[in-house]
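Structure file coords24.csv; described as CSV, C-alpha atoms.
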chain,number,residue,atom,x,y,z
I,44,MET,CA,110.9,18.6,7.6
I,45,THR,CA,111.7,17.6,11.2
I,46,GLU,CA,115.1,16.0,11.6
I,47,PRO,CA,115.2,12.4,12.9
I,48,MET,CA,115.6,12.1,16.7
I,49,VAL,CA,118.6,9.8,16.2
I,50,LEU,CA,121.1,10.7,13.5
I,51,THR,CA,123.7,8.1,12.4
I,52,ARG,CA,126.6,8.4,10.1
I,53,ARG,CA,129.8,6.6,9.2
I,54,GLU,CA,133.0,8.6,9.2
I,55,GLY,CA,136.4,7.1,8.8
I,56,ARG,CA,136.9,4.2,11.3
I,57,ALA,CA,133.8,4.9,13.4
I,58,GLY,CA,130.1,4.8,13.4
I,59,PHE,CA,128.4,7.8,15.1
I,60,ILE,CA,125.1,8.0,16.9
I,61,LEU,CA,123.7,11.4,17.7
I,62,LEU,CA,120.8,11.8,20.1
I,63,ASN,CA,119.0,14.6,18.4
I,64,ARG,CA,116.1,15.8,20.6
I,65,PRO,CA,117.8,18.8,22.3
I,66,ARG,CA,114.6,20.7,23.2
I,67,VAL,CA,113.8,17.9,25.7
I,68,LEU,CA,117.4,17.3,26.7
I,69,ASN,CA,117.6,14.3,24.3
I,70,ALA,CA,115.1,12.3,26.4
I,71,LEU,CA,114.7,8.8,24.9
I,72,ASP,CA,111.4,7.8,23.4
I,73,HIS,CA,110.6,4.4,21.8
I,74,SER,CA,111.7,5.5,18.3
I,75,MET,CA,115.1,6.7,19.6
I,76,ILE,CA,115.7,3.4,21.3
I,77,HIS,CA,114.8,1.6,18.1
I,78,GLY,CA,117.2,3.9,16.2
I,79,ILE,CA,120.1,3.1,18.5
I,80,ALA,CA,119.3,-0.6,18.2
I,81,ALA,CA,119.3,-0.5,14.4
I,82,ALA,CA,122.6,1.3,14.3
I,83,LEU,CA,124.2,-1.3,16.6
I,84,ASP,CA,122.9,-4.1,14.5
I,85,GLU,CA,124.1,-2.5,11.2
I,86,TRP,CA,127.6,-1.9,12.4
I,87,ARG,CA,128.2,-5.0,14.5
I,88,ASP,CA,129.6,-7.1,11.7
I,89,ASP,CA,130.8,-4.3,9.5
I,90,PRO,CA,134.7,-4.6,9.3
I,91,SER,CA,135.0,-1.0,8.3
I,92,VAL,CA,133.5,0.2,11.6
I,93,HIS,CA,136.1,-0.2,14.3
I,94,ALA,CA,134.2,1.6,17.1
I,95,VAL,CA,130.8,3.2,17.8
I,96,VAL,CA,130.5,6.7,19.3
I,97,ILE,CA,127.4,8.1,20.9
I,98,GLU,CA,126.8,11.8,21.6
I,99,GLY,CA,124.0,14.2,22.5
I,100,ALA,CA,122.9,17.2,20.5
I,101,GLY,CA,122.4,20.8,21.7
I,102,GLY,CA,125.3,21.3,24.2
I,103,ARG,CA,123.1,21.1,27.3
I,104,ALA,CA,122.6,17.4,27.7
I,105,PHE,CA,123.9,14.0,26.6
I,106,CYS,CA,120.5,12.4,27.6
I,107,ALA,CA,118.2,13.4,30.4
I,108,GLY,CA,116.6,9.9,30.6
I,109,GLY,CA,113.6,8.2,29.2
I,110,ASP,CA,110.4,10.0,28.2
I,111,ILE,CA,108.8,9.5,31.6
I,112,ARG,CA,105.8,11.7,30.8
I,113,ALA,CA,104.8,9.2,28.0
I,114,VAL,CA,105.2,6.3,30.5
I,115,ARG,CA,102.9,8.1,32.9
I,116,ASP,CA,100.3,8.6,30.2
I,117,MET,CA,100.4,4.9,29.4
I,118,ALA,CA,100.1,4.1,33.1
I,119,LEU,CA,97.0,6.4,33.5
I,120,ALA,CA,95.5,4.6,30.5
I,121,GLU,CA,96.3,1.2,32.1
I,122,ARG,CA,98.4,0.3,29.0
I,123,HIS,CA,100.6,-1.9,31.1
I,124,ASP,CA,101.7,-4.1,28.2
I,125,ASP,CA,102.9,-1.0,26.3
I,126,ILE,CA,104.9,0.1,29.3
I,127,ALA,CA,106.5,-3.3,29.5
I,128,ALA,CA,107.3,-3.3,25.8
I,129,PHE,CA,109.0,0.1,26.1
I,130,PHE,CA,111.2,-0.9,29.0
I,131,ALA,CA,112.0,-4.3,27.5
I,132,GLU,CA,113.3,-2.8,24.3
I,133,GLU,CA,115.3,-0.2,26.2
I,134,TYR,CA,116.9,-2.9,28.3
I,135,GLU,CA,117.7,-4.9,25.2
I,136,VAL,CA,119.7,-2.0,24.0
I,137,ASN,CA,121.5,-1.6,27.4
I,138,GLN,CA,122.5,-5.3,27.2
I,139,ALA,CA,123.6,-5.0,23.5
I,140,ILE,CA,125.9,-2.1,24.5
I,141,ALA,CA,127.3,-4.0,27.4
I,142,CYS,CA,128.3,-7.0,25.2
I,143,TYR,CA,129.0,-5.1,22.0
I,144,PRO,CA,132.0,-6.7,20.2
I,145,LYS,CA,133.6,-3.3,19.3
I,146,PRO,CA,134.6,-0.4,21.5
I,147,PHE,CA,131.4,1.6,22.4
I,148,ILE,CA,132.4,5.2,23.3
I,149,ALA,CA,130.1,7.7,25.0
I,150,LEU,CA,131.0,11.4,24.9
I,151,VAL,CA,129.1,12.9,27.9
I,152,ASP,CA,129.2,16.7,28.0
I,153,GLY,CA,126.1,17.9,29.9
I,154,ILE,CA,123.2,16.2,31.7
I,155,CYS,CA,123.2,12.4,31.8
I,156,MET,CA,120.4,10.8,33.9
I,157,GLY,CA,118.4,7.7,34.0
I,158,GLY,CA,118.1,6.2,30.4
I,159,GLY,CA,121.1,8.4,29.4
I,160,ILE,CA,123.2,6.4,31.9
I,161,GLY,CA,121.9,3.2,30.3
I,162,VAL,CA,123.1,4.2,26.8
I,163,SER,CA,126.5,5.3,28.0
I,164,VAL,CA,127.8,3.7,31.2
I,165,HIS,CA,127.5,0.1,29.9
I,166,GLY,CA,129.9,1.0,27.1
I,167,THR,CA,133.6,0.4,27.0
I,168,VAL,CA,134.7,4.0,27.2
I,169,ARG,CA,132.9,6.9,28.9
I,170,VAL,CA,134.5,10.3,28.3
I,171,VAL,CA,133.2,13.2,30.5
I,172,SER,CA,133.8,16.9,30.8
I,173,GLU,CA,133.6,19.3,33.6
I,174,ALA,CA,130.1,20.1,32.4
I,175,ALA,CA,128.9,16.5,32.7
I,176,MET,CA,126.3,15.7,35.4
I,177,PHE,CA,125.2,12.2,36.3
I,178,ALA,CA,122.2,11.4,38.4
I,179,MET,CA,119.6,8.7,39.0
I,180,PRO,CA,116.7,10.7,40.4
I,181,GLU,CA,114.0,8.0,40.1
I,182,THR,CA,113.0,7.8,43.8
I,183,GLY,CA,111.7,11.4,43.3
I,184,ILE,CA,109.2,10.2,40.8
I,185,ALA,CA,108.5,6.9,42.6
I,186,LEU,CA,110.3,4.7,40.2
I,187,PHE,CA,113.8,3.2,40.8
I,188,PRO,CA,117.2,3.2,39.0
I,189,ASP,CA,116.7,0.8,36.1
I,190,ILE,CA,118.4,0.4,32.7
I,191,GLY,CA,120.8,-2.0,34.4
I,192,ALA,CA,121.6,0.5,37.1
I,193,THR,CA,121.0,-2.1,39.8
I,194,PHE,CA,124.1,-3.8,38.3
I,195,ILE,CA,126.1,-0.6,37.9
I,196,LEU,CA,125.5,1.1,41.2
I,197,PRO,CA,126.6,-1.6,43.6
I,198,ARG,CA,129.9,-1.8,41.7
I,199,LEU,CA,130.8,1.9,42.0
I,200,ARG,CA,133.4,3.1,44.5
I,201,GLY,CA,132.4,2.3,48.1
I,202,HIS,CA,128.7,2.9,48.7
I,203,ILE,CA,128.3,5.8,46.3
I,204,GLY,CA,125.9,3.7,44.3
I,205,MET,CA,123.3,3.4,47.1
I,206,TYR,CA,123.8,7.1,47.9
I,207,MET,CA,122.9,7.9,44.3
I,208,ALA,CA,120.1,5.5,44.1
I,209,LEU,CA,118.2,6.6,47.2
I,210,THR,CA,118.8,10.4,47.1
I,211,GLY,CA,119.2,11.2,43.4
I,212,VAL,CA,122.4,13.1,44.2
I,213,ARG,CA,124.1,14.8,41.2
I,214,LEU,CA,127.7,14.0,40.4
I,215,LEU,CA,129.6,16.4,38.2
I,216,GLY,CA,132.3,15.1,35.8
I,217,PRO,CA,135.2,14.8,38.3
I,218,ASP,CA,133.0,13.1,40.9
I,219,ALA,CA,131.5,10.7,38.3
I,220,THR,CA,135.0,9.7,37.2
I,221,TYR,CA,136.1,9.2,40.8
I,222,ALA,CA,133.0,7.0,41.4
I,223,GLY,CA,133.6,4.9,38.4
I,224,LEU,CA,130.8,6.1,36.1
I,225,ALA,CA,133.4,7.5,33.6
I,226,THR,CA,136.6,6.1,32.3
I,227,HIS,CA,138.1,9.4,31.1
I,228,PHE,CA,137.9,13.0,32.3
I,229,THR,CA,138.8,15.9,30.0
I,230,ASP,CA,137.7,19.4,29.0
I,231,ARG,CA,134.8,20.4,26.8
I,232,GLU,CA,137.1,21.5,24.0
I,233,THR,CA,138.8,18.2,23.8
I,234,ILE,CA,135.4,16.3,23.7
I,235,ALA,CA,134.3,18.6,20.9
I,236,ALA,CA,137.3,17.6,18.9
I,237,LEU,CA,137.2,13.9,19.7
I,238,PRO,CA,134.8,12.8,17.0
I,239,ALA,CA,137.2,13.8,14.3
I,240,GLY,CA,140.1,12.1,16.1
I,241,LEU,CA,138.1,8.9,16.6
I,242,ALA,CA,137.1,8.9,12.9
I,243,ALA,CA,140.7,9.3,11.8
I,244,HIS,CA,142.6,7.2,14.4
I,245,GLY,CA,140.0,5.0,16.2
I,246,VAL,CA,140.4,4.4,19.9
I,247,SER,CA,144.1,5.5,19.8
I,248,ALA,CA,142.7,9.1,19.8
I,249,LEU,CA,141.8,8.5,23.5
I,250,ALA,CA,145.4,8.0,24.5
I,251,ALA,CA,146.3,11.5,25.6
I,252,ILE,CA,143.0,13.1,26.5
I,253,GLN,CA,142.9,12.4,30.3
I,254,ARG,CA,143.1,15.5,32.5
I,255,PRO,CA,143.7,15.8,36.2
I,256,PHE,CA,140.6,16.3,38.3
I,257,ASP,CA,139.6,17.1,41.9
I,258,ALA,CA,136.7,15.0,43.1
I,259,GLN,CA,134.7,16.9,45.7
I,260,ILE,CA,132.8,13.8,46.8
I,261,ALA,CA,136.1,12.2,48.1
I,262,ALA,CA,135.8,14.3,51.2
I,263,GLN,CA,132.5,12.7,52.1
I,264,MET,CA,133.4,9.1,51.3
I,265,ASP,CA,133.9,7.9,54.9
I,266,ALA,CA,130.4,9.3,55.8
I,267,ILE,CA,128.8,7.9,52.7
I,268,ASP,CA,130.2,4.5,53.4
I,269,ARG,CA,129.2,4.6,57.1
I,270,CYS,CA,125.6,5.7,56.3
I,271,PHE,CA,124.8,4.0,53.0
I,272,GLY,CA,126.6,0.8,53.7
I,273,ALA,CA,123.9,-0.1,56.2
I,274,ASP,CA,121.8,-3.2,55.8
I,275,SER,CA,118.4,-1.4,55.9
I,276,VAL,CA,116.8,1.9,55.1
I,277,ALA,CA,116.0,2.3,58.8
I,278,ALA,CA,119.7,1.9,59.6
I,279,ILE,CA,120.7,4.4,56.9
I,280,ILE,CA,118.3,6.9,58.5
I,281,THR,CA,119.8,6.2,62.0
I,282,ASN,CA,123.3,6.6,60.7
I,283,LEU,CA,122.6,9.9,58.9
I,284,SER,CA,120.9,11.2,62.1
I,285,ALA,CA,124.0,10.3,64.1
I,286,GLU,CA,126.4,12.0,61.8
I,287,GLN,CA,125.2,15.5,62.8
I,288,THR,CA,126.8,17.4,59.9
I,289,ASP,CA,125.4,19.7,57.3
I,290,TRP,CA,125.9,17.0,54.7
I,291,SER,CA,124.0,14.4,56.7
I,292,ARG,CA,121.2,16.7,57.6
I,293,ASP,CA,120.8,17.8,54.0
I,294,THR,CA,121.0,14.2,52.8
I,295,LEU,CA,118.4,13.0,55.3
I,296,ALA,CA,116.0,15.8,54.3
I,297,THR,CA,116.5,14.8,50.6
I,298,LEU,CA,115.8,11.2,51.4
I,299,ARG,CA,112.7,12.1,53.4
I,300,SER,CA,111.4,14.1,50.4
I,301,MET,CA,111.4,11.1,48.0
I,302,SER,CA,108.5,8.6,47.6
I,303,PRO,CA,108.7,6.6,50.8
I,304,SER,CA,107.7,3.4,49.0
I,305,ALA,CA,110.2,4.0,46.2
I,306,VAL,CA,113.0,4.5,48.7
I,307,LEU,CA,112.2,1.0,50.1
I,308,TRP,CA,111.8,-0.8,46.9
I,309,THR,CA,114.9,0.9,45.4
I,310,PHE,CA,117.0,-0.2,48.4
I,311,LYS,CA,115.8,-3.7,48.0
I,312,ILE,CA,116.5,-4.1,44.3
I,313,VAL,CA,119.9,-2.2,44.3
I,314,ARG,CA,121.1,-4.3,47.2
I,315,ALA,CA,120.1,-7.5,45.4
I,316,GLY,CA,121.9,-6.3,42.3
I,317,ALA,CA,125.3,-6.7,43.9
I,318,GLY,CA,124.9,-10.5,43.6
I,319,ARG,CA,123.4,-10.6,40.1
I,320,THR,CA,124.7,-10.5,36.6
I,321,LEU,CA,123.6,-7.7,34.2
I,322,PRO,CA,121.0,-9.9,32.5
I,323,GLN,CA,119.6,-11.0,35.9
I,324,CYS,CA,119.4,-7.3,37.0
I,325,LEU,CA,117.6,-6.3,33.8
I,326,ALA,CA,115.1,-9.1,34.2
I,327,ALA,CA,114.5,-8.1,37.9
I,328,GLU,CA,114.1,-4.5,36.8
I,329,LEU,CA,111.6,-5.3,34.1
I,330,ALA,CA,109.5,-7.3,36.6
I,331,LEU,CA,109.6,-4.4,39.1
I,332,THR,CA,108.6,-1.7,36.5
I,333,ARG,CA,105.2,-3.4,36.2
I,334,HIS,CA,104.5,-2.9,39.9
I,335,ALA,CA,106.2,0.5,40.3
I,336,THR,CA,104.5,2.2,37.3
I,337,ALA,CA,101.1,0.9,38.6
I,338,HIS,CA,101.7,2.3,42.1
I,339,PRO,CA,99.8,5.6,42.7
I,340,ASP,CA,103.0,7.3,43.7
I,341,PHE,CA,104.4,7.0,40.2
I,342,ALA,CA,101.7,9.0,38.5
I,343,GLU,CA,101.8,11.6,41.3
I,344,GLY,CA,105.6,11.9,41.3
I,345,VAL,CA,105.7,12.5,37.5
I,346,ARG,CA,102.9,15.0,37.8
I,347,ALA,CA,104.7,17.0,40.5
I,348,MET,CA,108.2,16.9,39.0
I,349,VAL,CA,107.6,16.7,35.2
I,350,VAL,CA,104.0,17.7,34.3
I,351,ASP,CA,102.9,20.4,36.7
I,352,LYS,CA,106.3,21.0,38.1
I,353,ASP,CA,105.0,22.2,41.4
I,354,ARG,CA,107.5,19.9,43.2
I,355,LYS,CA,104.9,19.1,45.8
I,356,PRO,CA,104.1,15.4,45.4
I,357,ARG,CA,101.4,14.0,47.7
I,358,TRP,CA,102.8,10.5,48.4
I,359,SER,CA,100.5,7.6,49.4
I,360,ALA,CA,102.4,7.1,52.7
I,361,PRO,CA,103.4,10.1,54.9
I,362,SER,CA,106.8,8.6,55.8
I,363,ILE,CA,109.2,5.7,55.2
I,364,GLU,CA,108.2,4.3,58.6
I,365,ALA,CA,104.5,4.3,57.6
I,366,VAL,CA,105.0,2.1,54.5
I,367,ASP,CA,103.9,-1.5,55.1
I,368,PRO,CA,107.0,-3.7,54.6
I,369,ALA,CA,104.8,-6.6,53.4
I,370,ALA,CA,103.5,-4.4,50.5
I,371,ILE,CA,107.1,-3.9,49.4
I,372,ASP,CA,108.0,-7.6,49.7
I,373,ALA,CA,104.9,-8.4,47.6
I,374,MET,CA,106.3,-6.4,44.7
I,375,PHE,CA,109.2,-8.8,44.5
I,376,ALA,CA,107.2,-12.0,45.0
Spell out the structure here as structure tokens.
Amino acid sequence: MTEPMVLTRREGRAGFILLNRPRVLNALDHSMIHGIAAALDEWRDDPSVHAVVIEGAGGRAFCAGGDIRAVRDMALAERHDDIAAFFAEEYEVNQAIACYPKPFIALVDGICMGGGIGVSVHGTVRVVSEAAMFAMPETGIALFPDIGATFILPRLRGHIGMYMALTGVRLLGPDATYAGLATHFTDRETIAALPAGLAAHGVSALAAIQRPFDAQIAAQMDAIDRCFGADSVAAIITNLSAEQTDWSRDTLATLRSMSPSAVLWTFKIVRAGAGRTLPQCLAAELALTRHATAHPDFAEGVRAMVVDKDRKPRWSAPSIEAVDPAAIDAMFA
């Protein structure tokens, strides 16, 4: 028999959730979201469970995000209510993690993108290794950073959040810790031994795990803040062009490769998130998913990056400058 895609167990002082879909990098589908929610509900008022720990199976990924291929299939079939239900339930889990009354501990050793960030970064403790890799690559498939990311990203160090949101840049464990996505940086061997320690000793097992780290992104912080702290996408492009460095040229090329429309709606919702609570951000994200998943760029972006994997999306607008600003504003009306 096939193993469940979410495995739960109680051991010692902790409840453990294992995302168990390693062949697809533990990508979340509807049943997995339901499984996480059920475990949180079961352990919330159980006095024998002092903390909840979430991990990913397989060694390659914590969780590579939501099952975006399934969302595309629903979009092509015009099952818009089913899409809304999928995102609504996922966002309920994100909110439940954020306000959970017990320590919620994510052990991230490998890829953590999109929905994986939603079931880790809202938690109390996020332990990462040198093999951890965080990214929000949604503009590359014409979506936007959701799962409460419009709350998280504006609250990271400097303007790293907007940089991540628009370009999908990947942050390895040390950079993720520096940015504020992680609370603890340690080595893979320590993370592998942590479940036993947490079961035996609870959160006190975290006391001595922190390791020194060298954040490569620190060298680019001034440029990131100059460019991505701008008050419009046009100004970001202008600032990147003015930098005249390898980093700025590469970053601008990456930005230009994303869905032009998605870059604009992502900028708008992430910027607004700086002034919203998490529930307000999740509500705004849910509203925008209806428009974004119905946009022709979404089906095309997922086709190019996930289905056919030719990495040659044909966007509906040839450039950011060619997108009608009124069309973007209408998505938020």
Neighbouring residues of stretch 64-69 of chain I were defined as those with any atom within 10 Å, considering only C-alpha atoms; residues of the same chain fewer than 6 positions away were excluded. Please report them as a PDB file with C-alpha atoms, keeping the file's coordinate frame.
ATOM      1  CA  GLU I  46     115.100  16.000  11.600  1.00  0.00           C
ATOM      2  CA  PRO I  47     115.200  12.400  12.900  1.00  0.00           C
ATOM      3  CA  MET I  48     115.600  12.100  16.700  1.00  0.00           C
ATOM      4  CA  VAL I  49     118.600   9.800  16.200  1.00  0.00           C
ATOM      5  CA  MET I  75     115.100   6.700  19.600  1.00  0.00           C
ATOM      6  CA  GLU I  98     126.800  11.800  21.600  1.00  0.00           C
ATOM      7  CA  GLY I  99     124.000  14.200  22.500  1.00  0.00           C
ATOM      8  CA  ALA I 100     122.900  17.200  20.500  1.00  0.00           C
ATOM      9  CA  GLY I 101     122.400  20.800  21.700  1.00  0.00           C
ATOM     10  CA  GLY I 102     125.300  21.300  24.200  1.00  0.00           C
ATOM     11  CA  ARG I 103     123.100  21.100  27.300  1.00  0.00           C
ATOM     12  CA  ALA I 104     122.600  17.400  27.700  1.00  0.00           C
ATOM     13  CA  PHE I 105     123.900  14.000  26.600  1.00  0.00           C
ATOM     14  CA  CYS I 106     120.500  12.400  27.600  1.00  0.00           C
ATOM     15  CA  ALA I 107     118.200  13.400  30.400  1.00  0.00           C
ATOM     16  CA  GLY I 108     116.600   9.900  30.600  1.00  0.00           C
ATOM     17  CA  GLY I 109     113.600   8.200  29.200  1.00  0.00           C
ATOM     18  CA  ASP I 110     110.400  10.000  28.200  1.00  0.00           C
ATOM     19  CA  GLY I 153     126.100  17.900  29.900  1.00  0.00           C
ATOM     20  CA  ILE I 154     123.200  16.200  31.700  1.00  0.00           C
ATOM     21  CA  CYS I 155     123.200  12.400  31.800  1.00  0.00           C
ATOM     22  CA  GLY I 159     121.100   8.400  29.400  1.00  0.00           C
TER      23      GLY I 159
END
Using all atoms listed in the file, the best pick from I:Arg354, I:Gln253, I:Trp308, I:Glu54 as closest to I:Asp189 would be I:Trp308
Give the answer as one residue: which of I:Leu237, I:Ile195, I:Leu209, I:Cys142 has the shortest atom-to-atom distance to I:Val96, using only C-alpha atoms?
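Closest candidate: I:Leu237.
The spacing separating atom CA of I:Asp274 from atom CA of I:Arg314 amounts to 8.7 Å.
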Of the residues I:Tyr221, I:Cys270, I:Thr210, I:Phe177, which is the one nearest to I:Ala296, using only C-alpha atoms?
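Once distances to I:Ala296 are computed over only C-alpha atoms, the minimum belongs to I:Thr210.
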Hey, which of I:Gly201, I:Gly211, I:Pro322, I:Pro339 ends up closest to I:Arg115? Count all atoms listed in the file.
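Among the listed residues, I:Pro339 lies closest to I:Arg115.
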Please report the interatomic distance between atom CA of I:Gln259 and atom CA of I:Ile234 in Å with one decimal.
22.0 Å
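Residue nearest I:Thr233, chosen from I:Leu249, I:Met156, I:Ala326, I:Leu321 and counting all atoms listed in the file: I:Leu249.
Note that atom CA of I:Val114 and atom CA of I:Ala369 are 26.3 Å apart.
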Nearby residues (only C-alpha atoms) at most 9 Å from I:Ala337, same-chain spacing under 4 positions excluded, as an MDAnalysis selection string
chainID I and resid 118:119 121 123 332:333 341:342
Surrounding residues of I:Val246 excluding itself and chain neighbours under 6 positions, 9 Å, all atoms listed in the file, as an MDAnalysis selection string
chainID I and resid 93:94 146 148 240
Store the residues picked out above, limited to C-alpha atoms, as a PDB file, in the coordinates of the input.
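Printed below is result17.pdb as written:
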ATOM      1  CA  HIS I  93     136.100  -0.200  14.300  1.00  0.00           C
ATOM      2  CA  ALA I  94     134.200   1.600  17.100  1.00  0.00           C
ATOM      3  CA  PRO I 146     134.600  -0.400  21.500  1.00  0.00           C
ATOM      4  CA  ILE I 148     132.400   5.200  23.300  1.00  0.00           C
ATOM      5  CA  GLY I 240     140.100  12.100  16.100  1.00  0.00           C
TER       6      GLY I 240
END
Compile the contact shell of I:Cys324 as a VMD selection string: residues with an atom at most 12 Å away, counting all atoms listed in the file, same-chain residues fewer than 3 positions apart removed.
chain I and resid 134 137 to 138 188 to 197 312 to 321 327 to 331
Keeping C-alpha atoms, export the residues of the selection given above as a PDB file, in the coordinates of the input.
ATOM      1  CA  TYR I 134     116.900  -2.900  28.300  1.00  0.00           C
ATOM      2  CA  ASN I 137     121.500  -1.600  27.400  1.00  0.00           C
ATOM      3  CA  GLN I 138     122.500  -5.300  27.200  1.00  0.00           C
ATOM      4  CA  PRO I 188     117.200   3.200  39.000  1.00  0.00           C
ATOM      5  CA  ASP I 189     116.700   0.800  36.100  1.00  0.00           C
ATOM      6  CA  ILE I 190     118.400   0.400  32.700  1.00  0.00           C
ATOM      7  CA  GLY I 191     120.800  -2.000  34.400  1.00  0.00           C
ATOM      8  CA  ALA I 192     121.600   0.500  37.100  1.00  0.00           C
ATOM      9  CA  THR I 193     121.000  -2.100  39.800  1.00  0.00           C
ATOM     10  CA  PHE I 194     124.100  -3.800  38.300  1.00  0.00           C
ATOM     11  CA  ILE I 195     126.100  -0.600  37.900  1.00  0.00           C
ATOM     12  CA  LEU I 196     125.500   1.100  41.200  1.00  0.00           C
ATOM     13  CA  PRO I 197     126.600  -1.600  43.600  1.00  0.00           C
ATOM     14  CA  ILE I 312     116.500  -4.100  44.300  1.00  0.00           C
ATOM     15  CA  VAL I 313     119.900  -2.200  44.300  1.00  0.00           C
ATOM     16  CA  ARG I 314     121.100  -4.300  47.200  1.00  0.00           C
ATOM     17  CA  ALA I 315     120.100  -7.500  45.400  1.00  0.00           C
ATOM     18  CA  GLY I 316     121.900  -6.300  42.300  1.00  0.00           C
ATOM     19  CA  ALA I 317     125.300  -6.700  43.900  1.00  0.00           C
ATOM     20  CA  GLY I 318     124.900 -10.500  43.600  1.00  0.00           C
ATOM     21  CA  ARG I 319     123.400 -10.600  40.100  1.00  0.00           C
ATOM     22  CA  THR I 320     124.700 -10.500  36.600  1.00  0.00           C
ATOM     23  CA  LEU I 321     123.600  -7.700  34.200  1.00  0.00           C
ATOM     24  CA  ALA I 327     114.500  -8.100  37.900  1.00  0.00           C
ATOM     25  CA  GLU I 328     114.100  -4.500  36.800  1.00  0.00           C
ATOM     26  CA  LEU I 329     111.600  -5.300  34.100  1.00  0.00           C
ATOM     27  CA  ALA I 330     109.500  -7.300  36.600  1.00  0.00           C
ATOM     28  CA  LEU I 331     109.600  -4.400  39.100  1.00  0.00           C
TER      29      LEU I 331
END
Name the residues, using the chain letters and numbers of the file, that sit within 10 Å of (121.7, 7.3, 45.2) when counting all atoms listed in the file, and give them as a PyMOL selection string.
chain I and resi 178-182+187-188+196+202-213+271+298+306+309-310+313
Give me, as a PyMOL selection string, all polymer residues having an atom no more than 10 Å from I:Ala266, counting all atoms listed in the file and skipping those fewer than 6 positions away in the same chain.
chain I and resi 202+272+282-283+286+288+290-291
Of the residues I:Ile279, I:Val170, I:Val92, I:Leu199, which is the one nearest to I:Ala225, using all atoms listed in the file?
I:Val170
Any chance you could build stretch 59-74 of chain I out to N, CA and C atoms and write it as a PDB file, keeping the file's coordinate frame?
ATOM      1  N   PHE I  59     128.819   6.806  14.131  1.00  0.00           N
ATOM      2  CA  PHE I  59     128.400   7.800  15.100  1.00  0.00           C
ATOM      3  C   PHE I  59     126.896   7.828  15.270  1.00  0.00           C
ATOM      4  N   ILE I  60     126.471   7.865  16.532  1.00  0.00           N
ATOM      5  CA  ILE I  60     125.100   8.000  16.900  1.00  0.00           C
ATOM      6  C   ILE I  60     124.873   9.313  17.599  1.00  0.00           C
ATOM      7  N   LEU I  61     123.996  10.152  17.097  1.00  0.00           N
ATOM      8  CA  LEU I  61     123.700  11.400  17.700  1.00  0.00           C
ATOM      9  C   LEU I  61     122.268  11.445  18.228  1.00  0.00           C
ATOM     10  N   LEU I  62     122.095  11.588  19.535  1.00  0.00           N
ATOM     11  CA  LEU I  62     120.800  11.800  20.100  1.00  0.00           C
ATOM     12  C   LEU I  62     120.321  13.177  19.816  1.00  0.00           C
ATOM     13  N   ASN I  63     119.263  13.322  19.046  1.00  0.00           N
ATOM     14  CA  ASN I  63     119.000  14.600  18.400  1.00  0.00           C
ATOM     15  C   ASN I  63     117.568  15.125  18.826  1.00  0.00           C
ATOM     16  N   ARG I  64     117.402  15.296  20.126  1.00  0.00           N
ATOM     17  CA  ARG I  64     116.100  15.800  20.600  1.00  0.00           C
ATOM     18  C   ARG I  64     116.472  16.905  21.697  1.00  0.00           C
ATOM     19  N   PRO I  65     117.231  17.911  21.323  1.00  0.00           N
ATOM     20  CA  PRO I  65     117.800  18.800  22.300  1.00  0.00           C
ATOM     21  C   PRO I  65     116.761  19.640  23.093  1.00  0.00           C
ATOM     22  N   ARG I  66     115.584  19.889  22.515  1.00  0.00           N
ATOM     23  CA  ARG I  66     114.600  20.700  23.200  1.00  0.00           C
ATOM     24  C   ARG I  66     114.096  20.024  24.507  1.00  0.00           C
ATOM     25  N   VAL I  67     114.162  18.685  24.530  1.00  0.00           N
ATOM     26  CA  VAL I  67     113.800  17.900  25.700  1.00  0.00           C
ATOM     27  C   VAL I  67     114.989  17.204  26.294  1.00  0.00           C
ATOM     28  N   LEU I  68     116.158  17.823  26.112  1.00  0.00           N
ATOM     29  CA  LEU I  68     117.400  17.300  26.700  1.00  0.00           C
ATOM     30  C   LEU I  68     117.697  15.877  26.213  1.00  0.00           C
ATOM     31  N   ASN I  69     117.315  15.595  24.964  1.00  0.00           N
ATOM     32  CA  ASN I  69     117.600  14.300  24.300  1.00  0.00           C
ATOM     33  C   ASN I  69     116.971  13.121  25.083  1.00  0.00           C
ATOM     34  N   ALA I  70     115.841  13.358  25.738  1.00  0.00           N
ATOM     35  CA  ALA I  70     115.100  12.300  26.400  1.00  0.00           C
ATOM     36  C   ALA I  70     114.733  11.201  25.437  1.00  0.00           C
ATOM     37  N   LEU I  71     114.901   9.945  25.834  1.00  0.00           N
ATOM     38  CA  LEU I  71     114.700   8.800  24.900  1.00  0.00           C
ATOM     39  C   LEU I  71     113.201   8.458  24.830  1.00  0.00           C
ATOM     40  N   ASP I  72     112.717   8.351  23.597  1.00  0.00           N
ATOM     41  CA  ASP I  72     111.400   7.800  23.400  1.00  0.00           C
ATOM     42  C   ASP I  72     111.592   6.428  22.655  1.00  0.00           C
ATOM     43  N   HIS I  73     110.488   5.769  22.362  1.00  0.00           N
ATOM     44  CA  HIS I  73     110.600   4.400  21.800  1.00  0.00           C
ATOM     45  C   HIS I  73     111.283   4.448  20.432  1.00  0.00           C
ATOM     46  N   SER I  74     111.025   5.466  19.614  1.00  0.00           N
ATOM     47  CA  SER I  74     111.700   5.500  18.300  1.00  0.00           C
ATOM     48  C   SER I  74     113.163   5.708  18.395  1.00  0.00           C
TER      49      SER I  74
END
